[in-house]
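One file, start03.pdb, is given below (PDB, C-alpha atoms).
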```
ATOM      1  CA  MET P   1      63.777 161.283 190.382
ATOM      2  CA  ASN P   2      66.479 163.603 191.589
ATOM      3  CA  ARG P   3      69.552 161.599 192.221
ATOM      4  CA  ARG P   4      72.519 163.814 191.518
ATOM      5  CA  PRO P   5      73.748 166.532 193.878
ATOM      6  CA  THR P   6      74.081 170.074 192.682
ATOM      7  CA  LEU P   7      77.822 169.837 192.809
ATOM      8  CA  LEU P   8      78.064 168.424 189.318
ATOM      9  CA  ALA P   9      75.827 171.131 188.051
ATOM     10  CA  ALA P  10      78.378 173.619 189.257
ATOM     11  CA  LEU P  11      81.094 172.214 187.039
ATOM     12  CA  ALA P  12      81.583 174.024 183.763
ATOM     13  CA  LEU P  13      83.338 172.843 180.664
ATOM     14  CA  THR P  14      86.533 174.764 180.102
ATOM     15  CA  ALA P  15      85.951 174.848 176.375
ATOM     16  CA  THR P  16      83.566 177.550 175.221
ATOM     17  CA  ALA P  17      82.483 175.356 172.337
ATOM     18  CA  ALA P  18      81.108 172.826 174.774
ATOM     19  CA  LEU P  19      78.732 175.357 176.208
ATOM     20  CA  THR P  20      77.392 176.445 172.847
ATOM     21  CA  LEU P  21      76.732 172.893 171.811
ATOM     22  CA  SER P  22      73.316 172.095 170.428
ATOM     23  CA  ALA P  23      71.511 169.826 172.856
ATOM     24  CA  CYS P  24      70.727 166.170 172.536
ATOM     25  CA  GLY P  25      70.084 164.801 169.113
ATOM     26  CA  GLY P  26      69.999 161.098 168.274
ATOM     27  CA  GLY P  27      72.947 159.113 167.183
ATOM     28  CA  SER P  28      76.525 160.339 167.345
ATOM     29  CA  GLY P  29      78.487 162.814 165.398
ATOM     30  CA  SER P  30      78.190 166.285 166.750
ATOM     31  CA  ASP P  31      79.804 167.960 169.696
ATOM     32  CA  GLU P  32      80.376 167.713 173.362
ATOM     33  CA  GLY P  33      78.865 165.997 176.292
ATOM     34  CA  SER P  34      77.349 166.937 179.549
ATOM     35  CA  ALA P  35      77.003 165.695 183.035
ATOM     36  CA  LYS P  36      73.939 166.388 185.071
ATOM     37  CA  ASP P  37      72.649 166.263 188.537
ATOM     38  CA  LYS P  38      69.526 165.931 190.617
ATOM     39  CA  ASP P  39      68.155 166.033 194.137
ATOM     40  CA  SER P  40      70.599 163.380 195.033
ATOM     41  CA  ASP P  41      71.362 162.743 191.436
ATOM     42  CA  LYS P  42      73.660 160.325 190.051
ATOM     43  CA  ILE P  43      76.357 160.553 187.614
ATOM     44  CA  ALA P  44      76.490 157.313 186.004
ATOM     45  CA  GLY P  45      77.081 153.875 186.423
ATOM     46  CA  ALA P  46      75.731 150.668 185.611
ATOM     47  CA  ASP P  47      75.297 147.369 184.497
ATOM     48  CA  THR P  48      74.202 147.214 180.952
ATOM     49  CA  GLY P  49      74.469 149.441 178.010
ATOM     50  CA  SER P  50      73.158 149.565 174.550
ATOM     51  CA  GLU P  51      73.800 150.855 171.092
ATOM     52  CA  LYS P  52      70.299 150.454 169.853
ATOM     53  CA  SER P  53      70.998 146.841 170.586
ATOM     54  CA  THR P  54      72.556 145.853 173.863
ATOM     55  CA  PRO P  55      76.298 145.756 174.284
ATOM     56  CA  PRO P  56      77.865 143.598 176.979
ATOM     57  CA  SER P  57      77.642 144.727 180.574
ATOM     58  CA  GLU P  58      80.273 147.234 181.648
ATOM     59  CA  SER P  59      81.609 144.708 184.123
ATOM     60  CA  SER P  60      82.332 142.007 181.586
ATOM     61  CA  ALA P  61      83.593 144.469 178.977
ATOM     62  CA  SER P  62      86.020 146.100 181.395
ATOM     63  CA  ALA P  63      87.344 142.830 182.719
ATOM     64  CA  ALA P  64      87.878 141.477 179.210
ATOM     65  CA  GLU P  65      90.107 144.431 178.324
ATOM     66  CA  GLY P  66      92.120 144.187 181.516
ATOM     67  CA  ARG P  67      90.474 147.298 182.906
ATOM     68  CA  PRO P  68      88.913 147.734 186.361
ATOM     69  CA  LYS P  69      85.829 145.600 186.805
ATOM     70  CA  ILE P  70      82.670 147.573 187.586
ATOM     71  CA  ASP P  71      79.930 145.840 189.531
ATOM     72  CA  PHE P  72      76.359 146.949 190.133
ATOM     73  CA  PRO P  73      73.841 145.578 192.633
ATOM     74  CA  SER P  74      70.947 143.584 191.193
ATOM     75  CA  ASP P  75      68.417 146.352 191.918
ATOM     76  CA  ALA P  76      70.187 149.120 189.968
ATOM     77  CA  LYS P  77      70.876 149.462 186.263
ATOM     78  CA  ASN P  78      72.125 152.021 183.732
ATOM     79  CA  VAL P  79      71.028 151.611 180.125
ATOM     80  CA  PHE P  80      73.022 153.372 177.407
ATOM     81  CA  GLU P  81      71.310 153.824 174.068
ATOM     82  CA  TYR P  82      73.532 154.805 171.175
ATOM     83  CA  GLU P  83      74.515 153.541 167.749
ATOM     84  CA  LYS P  84      78.118 152.834 166.853
ATOM     85  CA  THR P  85      79.444 155.427 164.440
ATOM     86  CA  GLY P  86      81.787 153.164 162.522
ATOM     87  CA  ASP P  87      84.669 155.460 163.460
ATOM     88  CA  PRO P  88      86.996 153.550 165.847
ATOM     89  CA  ALA P  89      87.998 156.695 167.735
ATOM     90  CA  LYS P  90      84.450 157.953 168.252
ATOM     91  CA  ASP P  91      83.209 154.506 169.254
ATOM     92  CA  ALA P  92      86.020 154.232 171.820
ATOM     93  CA  VAL P  93      85.081 157.649 173.210
ATOM     94  CA  LEU P  94      81.439 156.614 173.565
ATOM     95  CA  ALA P  95      82.327 153.352 175.282
ATOM     96  CA  ASP P  96      84.642 154.988 177.818
ATOM     97  CA  SER P  97      82.106 157.752 178.414
ATOM     98  CA  THR P  98      79.595 155.160 179.630
ATOM     99  CA  LEU P  99      82.235 153.552 181.835
ATOM    100  CA  SER P 100      82.925 156.927 183.430
ATOM    101  CA  VAL P 101      79.279 157.119 184.402
ATOM    102  CA  ASN P 102      79.258 153.575 185.704
ATOM    103  CA  SER P 103      82.399 154.142 187.756
ATOM    104  CA  VAL P 104      80.741 156.958 189.685
ATOM    105  CA  ASP P 105      77.654 154.922 190.418
ATOM    106  CA  GLU P 106      79.739 151.971 191.520
ATOM    107  CA  ALA P 107      81.471 154.208 194.071
ATOM    108  CA  ILE P 108      78.038 155.172 195.402
ATOM    109  CA  PHE P 109      76.983 151.537 195.713
ATOM    110  CA  VAL P 110      80.237 150.537 197.412
ATOM    111  CA  GLY P 111      80.181 153.600 199.634
ATOM    112  CA  SER P 112      83.778 154.566 198.887
ATOM    113  CA  THR P 113      85.650 157.020 196.667
ATOM    114  CA  ASP P 114      88.688 154.729 196.625
ATOM    115  CA  THR P 115      87.391 152.384 193.932
ATOM    116  CA  GLU P 116      89.831 151.607 191.137
ATOM    117  CA  ALA P 117      87.444 152.525 188.327
ATOM    118  CA  LEU P 118      86.585 156.022 189.588
ATOM    119  CA  GLY P 119      90.105 157.371 189.055
ATOM    120  CA  PHE P 120      90.654 155.214 186.003
ATOM    121  CA  TYR P 121      87.869 156.775 183.922
ATOM    122  CA  ASN P 122      87.764 160.261 185.476
ATOM    123  CA  THR P 123      90.425 162.904 186.069
ATOM    124  CA  GLU P 124      90.878 166.617 186.754
ATOM    125  CA  LYS P 125      87.601 168.495 187.450
ATOM    126  CA  ALA P 126      85.471 165.479 186.583
ATOM    127  CA  LEU P 127      87.239 163.368 189.210
ATOM    128  CA  SER P 128      87.164 165.953 191.990
ATOM    129  CA  GLY P 129      83.509 166.675 191.258
ATOM    130  CA  SER P 130      82.657 162.981 191.227
ATOM    131  CA  ILE P 131      84.364 162.441 194.578
ATOM    132  CA  THR P 132      82.389 165.297 196.133
ATOM    133  CA  TYR P 133      79.239 163.913 194.583
ATOM    134  CA  VAL P 134      79.800 160.390 195.899
ATOM    135  CA  LEU P 135      80.665 161.709 199.356
ATOM    136  CA  GLY P 136      77.273 163.423 199.401
ATOM    137  CA  TYR P 137      75.633 159.991 199.137
ATOM    138  CA  ILE P 138      77.968 158.438 201.681
ATOM    139  CA  LYS P 139      77.306 161.118 204.311
ATOM    140  CA  LYS P 140      73.562 160.533 204.029
ATOM    141  CA  ASP P 141      74.019 156.759 203.852
ATOM    142  CA  ASP P 142      72.120 156.808 200.570
ATOM    143  CA  THR P 143      72.287 154.776 197.391
ATOM    144  CA  TRP P 144      69.900 154.461 194.461
ATOM    145  CA  VAL P 145      67.786 151.753 192.865
ATOM    146  CA  GLY P 146      65.920 151.297 189.602
ATOM    147  CA  GLU P 147      66.978 152.121 186.056
ATOM    148  CA  THR P 148      68.488 155.224 184.496
ATOM    149  CA  ARG P 149      68.441 155.567 180.730
ATOM    150  CA  TYR P 150      71.070 157.501 178.765
ATOM    151  CA  PHE P 151      70.259 158.465 175.190
ATOM    152  CA  ASP P 152      70.642 160.977 172.330
ATOM    153  CA  TYR P 153      74.424 160.737 172.199
ATOM    154  CA  LYS P 154      76.561 163.089 170.111
ATOM    155  CA  VAL P 155      80.325 162.826 169.892
ATOM    156  CA  THR P 156      82.858 165.160 168.306
ATOM    157  CA  LEU P 157      86.599 164.645 168.165
ATOM    158  CA  SER P 158      88.953 167.520 168.952
ATOM    159  CA  GLY P 159      92.343 166.741 167.497
ATOM    160  CA  VAL P 160      93.901 163.336 168.119
ATOM    161  CA  ASN P 161      93.475 163.152 171.889
ATOM    162  CA  GLY P 162      90.393 165.222 172.660
ATOM    163  CA  ALA P 163      86.633 164.730 172.364
ATOM    164  CA  TYR P 164      83.288 166.099 173.505
ATOM    165  CA  VAL P 165      80.197 164.014 174.201
ATOM    166  CA  THR P 166      76.676 165.232 174.855
ATOM    167  CA  TYR P 167      73.795 163.041 175.925
ATOM    168  CA  CYS P 168      70.553 162.986 177.873
ATOM    169  CA  SER P 169      69.457 160.966 180.881
ATOM    170  CA  ASP P 170      66.022 159.824 181.975
ATOM    171  CA  GLU P 171      65.887 159.305 185.754
ATOM    172  CA  SER P 172      62.137 158.764 185.946
ATOM    173  CA  LYS P 173      62.641 155.113 186.874
ATOM    174  CA  SER P 174      65.505 155.476 189.369
ATOM    175  CA  PHE P 175      65.095 156.415 193.020
ATOM    176  CA  ILE P 176      67.118 157.288 196.122
ATOM    177  CA  LYS P 177      67.274 154.580 198.777
ATOM    178  CA  ASN P 178      68.559 154.936 202.331
ATOM    179  CA  LYS P 179      70.825 152.040 203.293
ATOM    180  CA  LYS P 180      69.914 152.114 206.981
ATOM    181  CA  THR P 181      66.149 152.408 206.758
ATOM    182  CA  GLU P 182      65.831 150.629 203.389
ATOM    183  CA  LYS P 183      63.285 153.306 202.526
ATOM    184  CA  VAL P 184      63.001 154.228 198.845
ATOM    185  CA  LYS P 185      62.114 157.817 197.978
ATOM    186  CA  ASP P 186      59.315 157.506 195.436
ATOM    187  CA  THR P 187      59.904 160.752 193.570
ATOM    188  CA  PRO P 188      57.274 161.634 190.925
ATOM    189  CA  THR P 189      58.347 162.145 187.321
ATOM    190  CA  THR P 190      58.768 165.825 186.426
ATOM    191  CA  ALA P 191      60.832 167.896 183.995
ATOM    192  CA  ASP P 192      63.715 167.546 186.463
ATOM    193  CA  SER P 193      63.795 163.811 185.784
ATOM    194  CA  TYR P 194      65.546 164.610 182.499
ATOM    195  CA  VAL P 195      69.096 165.902 182.303
ATOM    196  CA  LEU P 196      71.327 167.152 179.486
ATOM    197  CA  TYR P 197      75.051 166.419 179.902
ATOM    198  CA  ASN P 198      78.056 167.984 178.199
ATOM    199  CA  THR P 199      81.348 166.215 178.848
ATOM    200  CA  LYS P 200      84.945 166.646 177.787
ATOM    201  CA  LEU P 201      87.297 163.670 177.405
ATOM    202  CA  GLU P 202      91.011 163.251 176.767
ATOM    203  CA  LYS P 203      92.868 160.146 175.633
ATOM    204  CA  ARG P 204      95.711 158.826 177.762
ATOM    205  CA  ALA P 205      98.845 157.287 176.313
ATOM    206  CA  ASP P 206      97.382 153.807 176.881
ATOM    207  CA  GLY P 207      94.320 154.645 174.802
ATOM    208  CA  VAL P 208      91.819 155.121 177.638
ATOM    209  CA  TRP P 209      89.476 158.085 177.169
ATOM    210  CA  GLN P 210      89.108 159.793 180.540
ATOM    211  CA  THR P 211      86.346 162.262 181.327
ATOM    212  CA  THR P 212      88.011 165.507 182.418
ATOM    213  CA  ASP P 213      85.099 167.919 182.748
ATOM    214  CA  VAL P 214      81.330 167.784 183.030
ATOM    215  CA  ALA P 215      78.438 170.247 182.802
ATOM    216  CA  SER P 216      74.759 169.453 183.124
ATOM    217  CA  ASN P 217      71.344 171.022 182.741
ATOM    218  CA  ARG P 218      68.550 169.384 184.710
ATOM    219  CA  GLY P 219      65.098 169.878 183.283
ATOM    220  CA  SER P 220      66.481 170.510 179.792
ATOM    221  CA  LYS P 221      63.666 170.671 177.253
ATOM    222  CA  GLU P 222      65.887 168.930 174.692
ATOM    223  CA  CYS P 223      65.809 165.773 176.752
ATOM    224  CA  GLN P 224      62.159 165.692 177.741
ATOM    225  CA  PRO P 225      59.745 163.396 175.872
TER     226      PRO P 225
END
```
Would you encode the structure as structure tokens?
Amino acid sequence: MNRRPTLLAALALTATAALTLSACGGGSGSDEGSAKDKDSDKIAGADTGSEKSTPPSESSASAAEGRPKIDFPSDAKNVFEYEKTGDPAKDAVLADSTLSVNSVDEAIFVGSTDTEALGFYNTEKALSGSITYVLGYIKKDDTWVGETRYFDYKVTLSGVNGAYVTYCSDESKSFIKNKKTEKVKDTPTTADSYVLYNTKLEKRADGVWQTTDVASNRGSKECQP
């Protein structure tokens, strides 16, 4: 399906290295990250994650750490597939990267850009782009349902407080739904159902890794099965 608006696609990582990054690969240990978009794309969001096993839901994990709680409706789910690296810093980056995605989706579900989590996990260009993206859904009175899978994670640290994460998304099982009509747009699976994301993150003083910039490539061959 095409869930994410083109606005995210317009964002470009400020670091040249992020753009020369080799696409998705499995596991974690390389470079940057990306953030993609679709027809009415989505940026992230959801309810469960996984590291080749299944970590706790983002809601419970966030609440346990005293962070903003992120809630998803029962008919929508994000699945994150990655293996822990064993490096505390990289694992923290990966975890907060998934929460950034979930925070954007939660804003779409709630129909508001004033959610606590959106500004907690996103800042700078990533935040302004996410707000524009969410507003695109709100204006059309749209949301999304189904399951989006995120996989082939790579993470690279840049100094003590910087990092890049790249990953792929599979939107073939997630669809746009209009809140008023309740009609679900049954979009067929095509190359555009797969997106490559490159993201940049920075660590705040309190240890939270915020996403600061996002770039995406819908239809990327590296992410297609």
Q) Where does the PyMOL selection byres ((chain P and resi 160) around 12) land in this file, that is, which residues does it pick, as number ranges by chain? A) P: 89-90, 93, 156-159, 161-163, 201-205, 207, 209
Q. With all atoms listed in the file as the basis for distance, which of P:Glu124, P:Thr199, P:Thr190, P:Gly129 is at the shortest distance from Lys221 of chain P?
A.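 Among the listed residues, P:Thr190 lies closest to Lys221 of chain P.
Picture a line from atom CA of Lys140 of chain P to atom CA of Ile176 of chain P; it runs 10.7 Å.
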Q | Closest of P:Leu127, P:Cys168, P:Val208, P:Val214 to Ser193 of chain P - atom-to-atom distances counting only C-alpha atoms | A |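 Between P:Leu127, P:Cys168, P:Val208, P:Val214, the residue approaching Ser193 of chain P most closely is P:Cys168.
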(Q) Using only C-alpha atoms - which residues lie no farther than 6 Å from the point (66.2, 154.7, 191.6) in the file's frame? Write them as a ChimeraX atom specification. (A) /P:144-146,173-176
Q | Distance of atom CA of Thr148 of chain P from atom CA of Ile108 of chain P, expressed in Å to one decimal place | A |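 Computing it gives 14.5 Å between the two atoms.
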Q | Atomic distance atom CA of Ser130 of chain P - atom CA of Val104 of chain P, expressed in Å with one decimal | A |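 Rounded to one decimal, the two atoms are 6.5 Å apart.
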Q) What's the 7 Å shell around Asn122 of chain P, counting all atoms listed in the file, without same-chain residues fewer than 6 positions away, as number ranges by chain? A) P: 100, 210-212
